[in-house]
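Trainee: Have a look at the structure that comes next, please.
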Amino acid sequence: MQTTCHGHGGRISVRGLGAFTPLGRTIDENWKAVLEGRTAISEIRRFDLGGIACVKGGIVNAAEEGATLAVKMVTAALGEAIASSGVDVCGLGLVCGSNFGDGSQGDAHSPIAKAAKERFGLGGPVASISLSCASGASAVALACEWIVAGYAPAVAVVGYDVITPVDWAGLCSLRTMAKDGVVRPFSAERGGTVFAEGAAAMILSANGPTDQRTNGPTDQRTNGPTFISGWSTGNNGFHLTAPPPRAAGSTDVMRRVMEMSGAGPEALAFVSAHGTGTRANDQTEAEALWDLLGDRLRSVPVTAFKSSSGHLLGAAGVFEAAMAAKALREGMVPPVANVTDADPAIPPVALVTGSPKRIAGGFALVNSAGFGGCNAALALVRDKGDLKSQISNLRCVSAGRPDRIAIRSCGFISALGIGMEEAETVWSEGESALMDYGDGVALGRVPDFDPATILPTAKAYLDRQCLLALSASALAMRDAGLSVAPDRFGVSFGAALGPSATAARFASDCMEKGLRLARPMLFPHTYANAAASLASIEWGLRGHHANFAGGTNASTFAIISAVDALRRGQCDAMLAGGAESLAAGSLENGAGEGAAVFALAREEDGGHGIAPLGFIAGTWIGGADAMASAIAEAGLAATDIAAAYVTPSLADAVRDMDGFRGRVVDPSAMYGDVDGASGAMALAAALIDLAEGPALVATADGTGTVAAIVIVPAQRS
């Protein structure tokens, strides 16, 4: 069923920009610096390098560090963007994107999002995502998805990262940084990248400003806003750190963005390349651009902002999208710093060098990528009339009822047992699976199991959280009965703590043995997106890709993101869910671990005769009314809900819903508090009892954001 998405009026407007980086403290300071080809790289003096060979980076010269510096940069960039946007913060949502969050152990992401929400009094939903160096562009994509779905009329996006000694040791251990501290994208003399810290922000809204107000005095003189005309995320499904041949995953997301924009290569004004300056990235990215654009690549201007800013990690995608918006408004493309000519050994890239290049009309293509095979791309256009964007034709919610999404299978691992069959047996007995460990501590530990009997291939190393996520994924894939092209099959995971056991081990090694002895094998396994990337790699899945980090809502967000992508027709199947491990967190009384991963597909996409476990009929993200909205979207009333599986903070709100007479269940009482995996594991528990009738699954986090899912039995029409 093809439907029209609501909420955006056929366009997504860029209303405000902000930046706080080593290049400058405002968007205009940063814009001036990139126009002039200046660089932000300097010697690192904020902390003792401990003998690390990488002595230069993009460091913000500030007295603060760690979480305090992260909050300062985020609020500075976000405050500038909000002030210039004219958007009412009462309905403003927030999506944060970051590699390392505030640099602390444990949940390093949600504290920054919560601080930003409270600082500006944001009234919309809040989420954090982490997809390595594609985090920023992926955060922009998620904000667009929220606007299209109607979860918020406007969304603030902020990408950020702060560099700590441990993070710097890990980044240096990968041996991708330029020894001389100079980033030379696509040059024959390129010797690597240089990482940097900072924050960048954008305000996106469903409708453009009626008075053509844009982003501050400079933009007002250029007469006209900028629009997002396309976005896409994906994964290489290839390797944790190495790019695939010809960067095929980058080609995939850029092609999807152009298709969404309704534009061909001839309409392209310029490309903002990922352009890290490493030998491997620039070679394969140039090949990807050639495969996408063909001979047009010889003439379309290409710039690479990392040559000036350094590699801003989680802030890079937002910063580069913001610079692309400025370039469209000003009608000029900044030059690639430190480079005079492109490497003749790579496909022909028409680099902008020396001075800015004038442009007129067309759209900008922003490419982004990161460890774990993460890819994201965006398209921006100054005059929405220039392109026949397909945004308004996306598969979304119909006027009467949304597409139902089939739950083809569920991989469930918890203290209840390994797999749905064991879980059903223990669940039906009604006795908690938490075990007494003495001193008043009861924990929901997963029973011992042999991964070799579940995982398709042996693994040299896995963090426990990743082991649980991959094992649950393997169970779901085994039972799904789906035959879907790899580029149409995606992965969406969520966790609050992620692979924190490995992160703690890596940090401990750095502190005890010295920063220069950081182990490069461990470092990629400390990334929050490790589980999602490993699942994509294991099954070669290259479709829509998301990873939510921080807070109780993480896995609920992940499932809703997968559902929205399926409804929009951006993919045909998704692995979605979440996992947490006790090894990653404190062993407080009532804590648990486990994973729940679902194979989801559109209702009409068959599973080789395998009946679905049930259907996701409604979803919503918002405030306290999200539960009622999800029920209404499912075409139901509160009286139809047989049971509600919710986090304890929502129990009273459920009971107070007009007409609700069902059971209120706290599933964590059975297998423990699983933090960011709460929504996914509650959904698995709800499937066990689904024969009783429709069920509501809902979680809430410390920002007041509620994420809700309604499922109905397979036999219910």
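Every chain in the structure tokens has a letter given in the order shown (A, B, ...), and although residue numbers restart at 1 in each chain, ligands are simply numbered from 1 in the order shown.
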I'd like a table as a tab-separated table: residues in segment 255-357 of chain A with an atom no more than 9 Å from segment 30-34 of chain A, each row giving the shortest atom pair and its distance in Å to one decimal, only C-alpha atoms counted, sorted by chain and rising residue number.
Mentor:
residue	atom	partner	partner_atom	distance
A:Phe305	CA	A:Val34	CA	7.2
A:Ser307	CA	A:Val34	CA	8.8
A:Ser308	CA	A:Val34	CA	6.0
A:Ser309	CA	A:Val34	CA	7.8
A:Met323	CA	A:Trp31	CA	6.7
A:Lys326	CA	A:Trp31	CA	7.5
A:Ala327	CA	A:Trp31	CA	8.8
A:Pro334	CA	A:Val34	CA	6.0
A:Pro335	CA	A:Val34	CA	7.3
A:Val336	CA	A:Val34	CA	8.4
A:Ala337	CA	A:Val34	CA	8.0
Trainee: Emit the selected residues as a PDB file, in the first residue's frame, including all heavy atoms.
Mentor:
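Contents of selection.pdb, as written:
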ATOM      1  N   PHE A 305      35.619  18.803   4.002  1.00  0.00           N
ATOM      2  CA  PHE A 305      35.770  19.738   5.111  1.00  0.00           C
ATOM      3  C   PHE A 305      36.745  19.258   6.184  1.00  0.00           C
ATOM      4  O   PHE A 305      37.263  20.063   6.964  1.00  0.00           O
ATOM      5  CB  PHE A 305      34.403  20.031   5.733  1.00  0.00           C
ATOM      6  CG  PHE A 305      33.482  20.782   4.813  1.00  0.00           C
ATOM      7  CD1 PHE A 305      32.360  20.171   4.272  1.00  0.00           C
ATOM      8  CD2 PHE A 305      33.750  22.089   4.466  1.00  0.00           C
ATOM      9  CE1 PHE A 305      31.506  20.862   3.419  1.00  0.00           C
ATOM     10  CE2 PHE A 305      32.910  22.800   3.616  1.00  0.00           C
ATOM     11  CZ  PHE A 305      31.783  22.182   3.085  1.00  0.00           C
ATOM     12  N   SER A 307      39.663  18.464   5.818  1.00  0.00           N
ATOM     13  CA  SER A 307      40.974  19.056   5.571  1.00  0.00           C
ATOM     14  C   SER A 307      41.178  20.302   6.429  1.00  0.00           C
ATOM     15  O   SER A 307      42.316  20.643   6.768  1.00  0.00           O
ATOM     16  CB  SER A 307      41.124  19.410   4.086  1.00  0.00           C
ATOM     17  OG  SER A 307      40.147  20.373   3.687  1.00  0.00           O
ATOM     18  N   SER A 308      40.104  20.971   6.798  1.00  0.00           N
ATOM     19  CA  SER A 308      40.175  22.147   7.666  1.00  0.00           C
ATOM     20  C   SER A 308      39.861  21.816   9.120  1.00  0.00           C
ATOM     21  O   SER A 308      40.600  22.171  10.037  1.00  0.00           O
ATOM     22  CB  SER A 308      39.199  23.226   7.188  1.00  0.00           C
ATOM     23  OG  SER A 308      39.627  23.841   6.006  1.00  0.00           O
ATOM     24  N   SER A 309      38.756  21.128   9.336  1.00  0.00           N
ATOM     25  CA  SER A 309      38.270  20.892  10.706  1.00  0.00           C
ATOM     26  C   SER A 309      38.954  19.741  11.400  1.00  0.00           C
ATOM     27  O   SER A 309      38.893  19.620  12.629  1.00  0.00           O
ATOM     28  CB  SER A 309      36.760  20.616  10.680  1.00  0.00           C
ATOM     29  OG  SER A 309      36.485  19.408   9.984  1.00  0.00           O
ATOM     30  N   MET A 323      27.907  23.004   6.864  1.00  0.00           N
ATOM     31  CA  MET A 323      28.758  23.723   5.915  1.00  0.00           C
ATOM     32  C   MET A 323      28.188  23.627   4.492  1.00  0.00           C
ATOM     33  O   MET A 323      28.270  24.586   3.714  1.00  0.00           O
ATOM     34  CB  MET A 323      30.177  23.163   5.948  1.00  0.00           C
ATOM     35  CG  MET A 323      30.939  23.436   7.238  1.00  0.00           C
ATOM     36  SD  MET A 323      31.260  25.186   7.565  1.00  0.00           S
ATOM     37  CE  MET A 323      29.992  25.542   8.797  1.00  0.00           C
ATOM     38  N   LYS A 326      25.444  26.149   4.248  1.00  0.00           N
ATOM     39  CA  LYS A 326      26.025  27.480   4.065  1.00  0.00           C
ATOM     40  C   LYS A 326      26.512  27.665   2.631  1.00  0.00           C
ATOM     41  O   LYS A 326      26.326  28.736   2.033  1.00  0.00           O
ATOM     42  CB  LYS A 326      27.180  27.685   5.043  1.00  0.00           C
ATOM     43  CG  LYS A 326      26.781  27.771   6.499  1.00  0.00           C
ATOM     44  CD  LYS A 326      26.118  29.092   6.840  1.00  0.00           C
ATOM     45  CE  LYS A 326      27.074  30.255   6.821  1.00  0.00           C
ATOM     46  NZ  LYS A 326      26.427  31.513   7.278  1.00  0.00           N
ATOM     47  N   ALA A 327      27.141  26.641   2.080  1.00  0.00           N
ATOM     48  CA  ALA A 327      27.660  26.737   0.710  1.00  0.00           C
ATOM     49  C   ALA A 327      26.532  26.969  -0.290  1.00  0.00           C
ATOM     50  O   ALA A 327      26.663  27.783  -1.219  1.00  0.00           O
ATOM     51  CB  ALA A 327      28.433  25.463   0.355  1.00  0.00           C
ATOM     52  N   PRO A 334      33.615  25.874  -0.457  1.00  0.00           N
ATOM     53  CA  PRO A 334      34.951  26.088   0.110  1.00  0.00           C
ATOM     54  C   PRO A 334      35.974  25.122  -0.482  1.00  0.00           C
ATOM     55  O   PRO A 334      35.632  23.998  -0.882  1.00  0.00           O
ATOM     56  CB  PRO A 334      34.751  25.828   1.604  1.00  0.00           C
ATOM     57  CG  PRO A 334      33.298  26.057   1.838  1.00  0.00           C
ATOM     58  CD  PRO A 334      32.627  25.585   0.587  1.00  0.00           C
ATOM     59  N   PRO A 335      37.232  25.524  -0.509  1.00  0.00           N
ATOM     60  CA  PRO A 335      38.270  24.656  -1.074  1.00  0.00           C
ATOM     61  C   PRO A 335      38.697  23.563  -0.107  1.00  0.00           C
ATOM     62  O   PRO A 335      38.487  23.660   1.106  1.00  0.00           O
ATOM     63  CB  PRO A 335      39.421  25.628  -1.322  1.00  0.00           C
ATOM     64  CG  PRO A 335      39.258  26.661  -0.248  1.00  0.00           C
ATOM     65  CD  PRO A 335      37.771  26.828  -0.083  1.00  0.00           C
ATOM     66  N   VAL A 336      39.322  22.537  -0.663  1.00  0.00           N
ATOM     67  CA  VAL A 336      39.971  21.505   0.144  1.00  0.00           C
ATOM     68  C   VAL A 336      41.316  22.073   0.587  1.00  0.00           C
ATOM     69  O   VAL A 336      42.154  22.411  -0.246  1.00  0.00           O
ATOM     70  CB  VAL A 336      40.168  20.206  -0.653  1.00  0.00           C
ATOM     71  CG1 VAL A 336      40.845  19.149   0.212  1.00  0.00           C
ATOM     72  CG2 VAL A 336      38.846  19.688  -1.186  1.00  0.00           C
ATOM     73  N   ALA A 337      41.508  22.194   1.887  1.00  0.00           N
ATOM     74  CA  ALA A 337      42.765  22.738   2.391  1.00  0.00           C
ATOM     75  C   ALA A 337      43.903  21.737   2.192  1.00  0.00           C
ATOM     76  O   ALA A 337      43.674  20.522   2.086  1.00  0.00           O
ATOM     77  CB  ALA A 337      42.629  23.085   3.868  1.00  0.00           C
TER      78      ALA A 337
END
Trainee: Quick one: everything within 8 Å of segment 129-139 of chain A, counting only C-alpha atoms, minus sequence neighbours fewer than 5 positions away in the same chain. Send it as a PyMOL selection string.
Mentor: chain A and resi 95-100+157-160+232-233+313-319+321+368-372+374-378+527-529+546-550
Trainee: Take the residues that were just selected and, keeping N, CA, C and O atoms, output them as a short mmCIF file (atom, residue, chain, number, x, y, z; two decimals), in the first residue's frame.
Mentor:
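Dumped to out29.cif:
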data_model
loop_
_atom_site.label_atom_id
_atom_site.label_comp_id
_atom_site.auth_asym_id
_atom_site.auth_seq_id
_atom_site.Cartn_x
_atom_site.Cartn_y
_atom_site.Cartn_z
N VAL A 95 17.78 14.96 18.73
CA VAL A 95 18.54 13.75 18.42
C VAL A 95 20.02 14.08 18.53
O VAL A 95 20.51 15.01 17.87
N CYS A 96 20.72 13.35 19.38
CA CYS A 96 22.16 13.53 19.56
C CYS A 96 22.90 12.37 18.89
O CYS A 96 22.46 11.22 18.97
N GLY A 97 24.02 12.68 18.25
CA GLY A 97 24.85 11.65 17.63
C GLY A 97 26.28 11.79 18.10
O GLY A 97 26.84 12.89 18.09
N SER A 98 26.89 10.69 18.53
CA SER A 98 28.25 10.75 19.07
C SER A 98 28.90 9.38 19.03
O SER A 98 28.23 8.35 19.14
N ASN A 99 30.24 9.36 18.85
CA ASN A 99 30.99 8.11 18.99
C ASN A 99 31.07 7.67 20.45
O ASN A 99 30.71 6.56 20.81
N PHE A 100 31.61 8.58 21.28
CA PHE A 100 32.00 8.22 22.64
C PHE A 100 31.16 8.88 23.72
O PHE A 100 31.43 8.69 24.91
N VAL A 157 19.16 18.66 15.96
CA VAL A 157 20.17 17.62 15.80
C VAL A 157 21.49 18.18 16.29
O VAL A 157 21.89 19.29 15.89
N VAL A 158 22.18 17.43 17.12
CA VAL A 158 23.52 17.85 17.53
C VAL A 158 24.46 16.65 17.46
O VAL A 158 24.14 15.57 17.98
N GLY A 159 25.56 16.83 16.76
CA GLY A 159 26.61 15.83 16.71
C GLY A 159 27.78 16.34 17.53
O GLY A 159 28.11 17.53 17.46
N TYR A 160 28.41 15.47 18.29
CA TYR A 160 29.49 15.94 19.16
C TYR A 160 30.42 14.80 19.52
O TYR A 160 30.07 13.62 19.41
N SER A 232 19.74 8.72 3.90
CA SER A 232 19.79 7.25 3.91
C SER A 232 20.91 6.80 4.84
O SER A 232 21.93 7.47 4.97
N THR A 233 20.70 5.66 5.49
CA THR A 233 21.74 5.01 6.28
C THR A 233 21.89 3.57 5.82
O THR A 233 20.97 3.00 5.23
N LEU A 313 34.71 13.26 14.23
CA LEU A 313 34.08 12.08 14.81
C LEU A 313 32.57 12.17 14.75
O LEU A 313 32.01 12.33 13.67
N GLY A 314 31.87 12.10 15.88
CA GLY A 314 30.41 12.14 15.86
C GLY A 314 29.83 13.46 15.41
O GLY A 314 28.67 13.53 15.01
N ALA A 315 30.61 14.52 15.46
CA ALA A 315 30.14 15.83 15.00
C ALA A 315 30.33 16.02 13.51
O ALA A 315 29.76 16.95 12.93
N ALA A 316 31.13 15.16 12.87
CA ALA A 316 31.53 15.40 11.48
C ALA A 316 30.35 15.52 10.53
O ALA A 316 30.28 16.46 9.73
N GLY A 317 29.42 14.59 10.59
CA GLY A 317 28.30 14.60 9.64
C GLY A 317 27.42 15.82 9.77
O GLY A 317 26.98 16.38 8.76
N VAL A 318 27.15 16.26 11.00
CA VAL A 318 26.32 17.45 11.20
C VAL A 318 27.09 18.69 10.76
O VAL A 318 26.55 19.58 10.10
N PHE A 319 28.37 18.77 11.14
CA PHE A 319 29.19 19.90 10.75
C PHE A 319 29.26 20.03 9.23
O PHE A 319 29.08 21.12 8.66
N ALA A 321 27.20 18.78 6.97
CA ALA A 321 25.88 19.14 6.43
C ALA A 321 25.61 20.63 6.63
O ALA A 321 25.05 21.30 5.76
N SER A 368 29.06 10.25 4.39
CA SER A 368 29.64 10.00 5.70
C SER A 368 29.79 8.51 5.92
O SER A 368 29.00 7.71 5.42
N ALA A 369 30.82 8.13 6.69
CA ALA A 369 31.07 6.71 6.95
C ALA A 369 31.79 6.57 8.29
O ALA A 369 32.28 7.54 8.86
N GLY A 370 31.86 5.32 8.79
CA GLY A 370 32.51 5.11 10.07
C GLY A 370 32.85 3.67 10.33
O GLY A 370 32.45 2.76 9.58
N PHE A 371 33.63 3.44 11.39
CA PHE A 371 33.99 2.08 11.79
C PHE A 371 32.74 1.23 11.96
O PHE A 371 31.68 1.71 12.32
N GLY A 372 32.92 -0.06 11.72
CA GLY A 372 31.78 -0.97 11.79
C GLY A 372 31.03 -1.04 10.48
O GLY A 372 30.00 -1.70 10.39
N CYS A 374 29.56 1.50 9.00
CA CYS A 374 28.40 2.40 9.01
C CYS A 374 28.49 3.42 7.88
O CYS A 374 29.55 4.00 7.65
N ASN A 375 27.39 3.65 7.20
CA ASN A 375 27.31 4.63 6.12
C ASN A 375 26.07 5.49 6.29
O ASN A 375 25.04 5.03 6.76
N ALA A 376 26.20 6.75 5.88
CA ALA A 376 25.06 7.66 5.86
C ALA A 376 25.29 8.71 4.80
O ALA A 376 26.43 9.09 4.52
N ALA A 377 24.22 9.15 4.18
CA ALA A 377 24.32 10.21 3.18
C ALA A 377 23.11 11.12 3.28
O ALA A 377 22.03 10.70 3.70
N LEU A 378 23.31 12.38 2.90
CA LEU A 378 22.27 13.40 2.93
C LEU A 378 22.29 14.18 1.63
O LEU A 378 23.34 14.31 1.00
N TYR A 527 33.18 0.29 20.72
CA TYR A 527 32.21 1.22 20.14
C TYR A 527 30.78 0.78 20.45
O TYR A 527 30.46 -0.42 20.43
N ALA A 528 29.92 1.75 20.69
CA ALA A 528 28.53 1.45 21.04
C ALA A 528 27.81 0.69 19.94
O ALA A 528 26.85 -0.03 20.20
N ASN A 529 28.25 0.87 18.69
CA ASN A 529 27.59 0.21 17.56
C ASN A 529 28.17 -1.15 17.23
O ASN A 529 27.84 -1.73 16.19
N ALA A 546 20.68 1.43 12.09
CA ALA A 546 20.53 2.35 13.22
C ALA A 546 21.07 1.70 14.48
O ALA A 546 21.05 0.48 14.62
N ASN A 547 21.56 2.54 15.38
CA ASN A 547 21.98 2.05 16.69
C ASN A 547 21.76 3.14 17.72
O ASN A 547 22.36 4.22 17.66
N PHE A 548 20.84 2.86 18.65
CA PHE A 548 20.48 3.83 19.69
C PHE A 548 21.31 3.56 20.93
O PHE A 548 21.49 2.40 21.33
N ALA A 549 21.83 4.64 21.53
CA ALA A 549 22.75 4.50 22.66
C ALA A 549 22.27 5.33 23.83
O ALA A 549 21.99 6.51 23.70
N GLY A 550 22.18 4.70 24.99
CA GLY A 550 21.84 5.42 26.20
C GLY A 550 20.37 5.40 26.53
O GLY A 550 19.52 5.54 25.66
#
Trainee: Between A:Met657, A:Ala573, A:Ala415, A:Leu534, which has the minimum distance to Ala442 of chain A (counting only C-alpha atoms)?
Mentor: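 Nearest to Ala442 of chain A: A:Ala415.
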Trainee: Mind the document's chain letters and residue numbers, and return as an MDAnalysis selection string the residues of segment 206-386 of chain A that DSSP labels strand (DSSP E).
Mentor: chainID A and resid 226:235 268:272 301:303 332:333 350:351 357:358 363:370 374:381
Trainee: Out of A:Gly659, A:Pro524, A:Gly569, A:Pro694, which residue has the shortest atom-to-atom distance to Thr241 of chain A when counting only C-alpha atoms?
Mentor: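 Nearest candidate to Thr241 of chain A out of A:Gly659, A:Pro524, A:Gly569, A:Pro694: A:Pro524.
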Trainee: So how many Å separate atom CA of Ala617 of chain A and atom CA of Arg404 of chain A, to one decimal?
Mentor: 4.8 Å
Trainee: Determine the nearest neighbour of Gly444 of chain A from the options A:Gly124, A:Gly430, A:Pro153, A:Gly592, counting only C-alpha atoms.
Mentor: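 Among the listed residues, the smallest separation from Gly444 of chain A belongs to A:Gly592.
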Trainee: As an NGL selection string, list the residues of segment 441-637 of chain A assigned to helix (DSSP H, G or I) by DSSP on the backbone atoms of this structure.
Mentor: :A and (451-453 or 464-480 or 486-488 or 500-513 or 515-517 or 523-526 or 530-539 or 554-567 or 582-584 or 626-633)
Trainee: Nearest to Gly578 of chain A among A:Trp146, A:Asp675, A:Thr502, A:Ser508, with distances taken over only C-alpha atoms: which residue is it?
Mentor: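 Looking only at the distances to Gly578 of chain A, the closest residue turns out to be A:Asp675.
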Trainee: Just want the 6 Å neighbourhood of segment 620-635 of chain A, counted on only C-alpha atoms, with same-chain residues fewer than 2 positions away dropped. Output as a PyMOL selection string.
Mentor: chain A and resi 125+151+617-618+705-708
Trainee: Could you write those residues out with N, CA, C and O atoms, as a PDB file, in the first residue's frame?
Mentor:
ATOM      1  N   PRO A 125      10.391  14.760  21.986  1.00  0.00           N
ATOM      2  CA  PRO A 125      11.104  13.535  22.352  1.00  0.00           C
ATOM      3  C   PRO A 125      12.609  13.678  22.169  1.00  0.00           C
ATOM      4  O   PRO A 125      13.087  14.514  21.399  1.00  0.00           O
ATOM      5  N   TYR A 151       6.342  12.501  14.846  1.00  0.00           N
ATOM      6  CA  TYR A 151       6.654  12.466  16.272  1.00  0.00           C
ATOM      7  C   TYR A 151       6.965  13.858  16.821  1.00  0.00           C
ATOM      8  O   TYR A 151       6.814  14.092  18.022  1.00  0.00           O
ATOM      9  N   ALA A 617       1.202  -3.160  15.146  1.00  0.00           N
ATOM     10  CA  ALA A 617       0.114  -2.412  14.516  1.00  0.00           C
ATOM     11  C   ALA A 617       0.181  -0.915  14.789  1.00  0.00           C
ATOM     12  O   ALA A 617      -0.411  -0.119  14.056  1.00  0.00           O
ATOM     13  N   GLY A 618       0.877  -0.522  15.850  1.00  0.00           N
ATOM     14  CA  GLY A 618       0.965   0.894  16.179  1.00  0.00           C
ATOM     15  C   GLY A 618       2.255   1.206  16.914  1.00  0.00           C
ATOM     16  O   GLY A 618       2.746   0.377  17.691  1.00  0.00           O
ATOM     17  N   THR A 705      10.763  11.152  27.823  1.00  0.00           N
ATOM     18  CA  THR A 705      10.349  10.604  26.528  1.00  0.00           C
ATOM     19  C   THR A 705       9.788   9.197  26.715  1.00  0.00           C
ATOM     20  O   THR A 705      10.375   8.371  27.420  1.00  0.00           O
ATOM     21  N   VAL A 706       8.662   8.942  26.084  1.00  0.00           N
ATOM     22  CA  VAL A 706       8.011   7.635  26.137  1.00  0.00           C
ATOM     23  C   VAL A 706       7.981   7.048  24.730  1.00  0.00           C
ATOM     24  O   VAL A 706       7.659   7.739  23.764  1.00  0.00           O
ATOM     25  N   ALA A 707       8.332   5.771  24.621  1.00  0.00           N
ATOM     26  CA  ALA A 707       8.280   5.059  23.347  1.00  0.00           C
ATOM     27  C   ALA A 707       7.329   3.879  23.511  1.00  0.00           C
ATOM     28  O   ALA A 707       7.464   3.097  24.458  1.00  0.00           O
ATOM     29  N   ALA A 708       6.364   3.769  22.600  1.00  0.00           N
ATOM     30  CA  ALA A 708       5.299   2.772  22.762  1.00  0.00           C
ATOM     31  C   ALA A 708       5.081   1.969  21.494  1.00  0.00           C
ATOM     32  O   ALA A 708       5.187   2.495  20.376  1.00  0.00           O
TER      33      ALA A 708
END
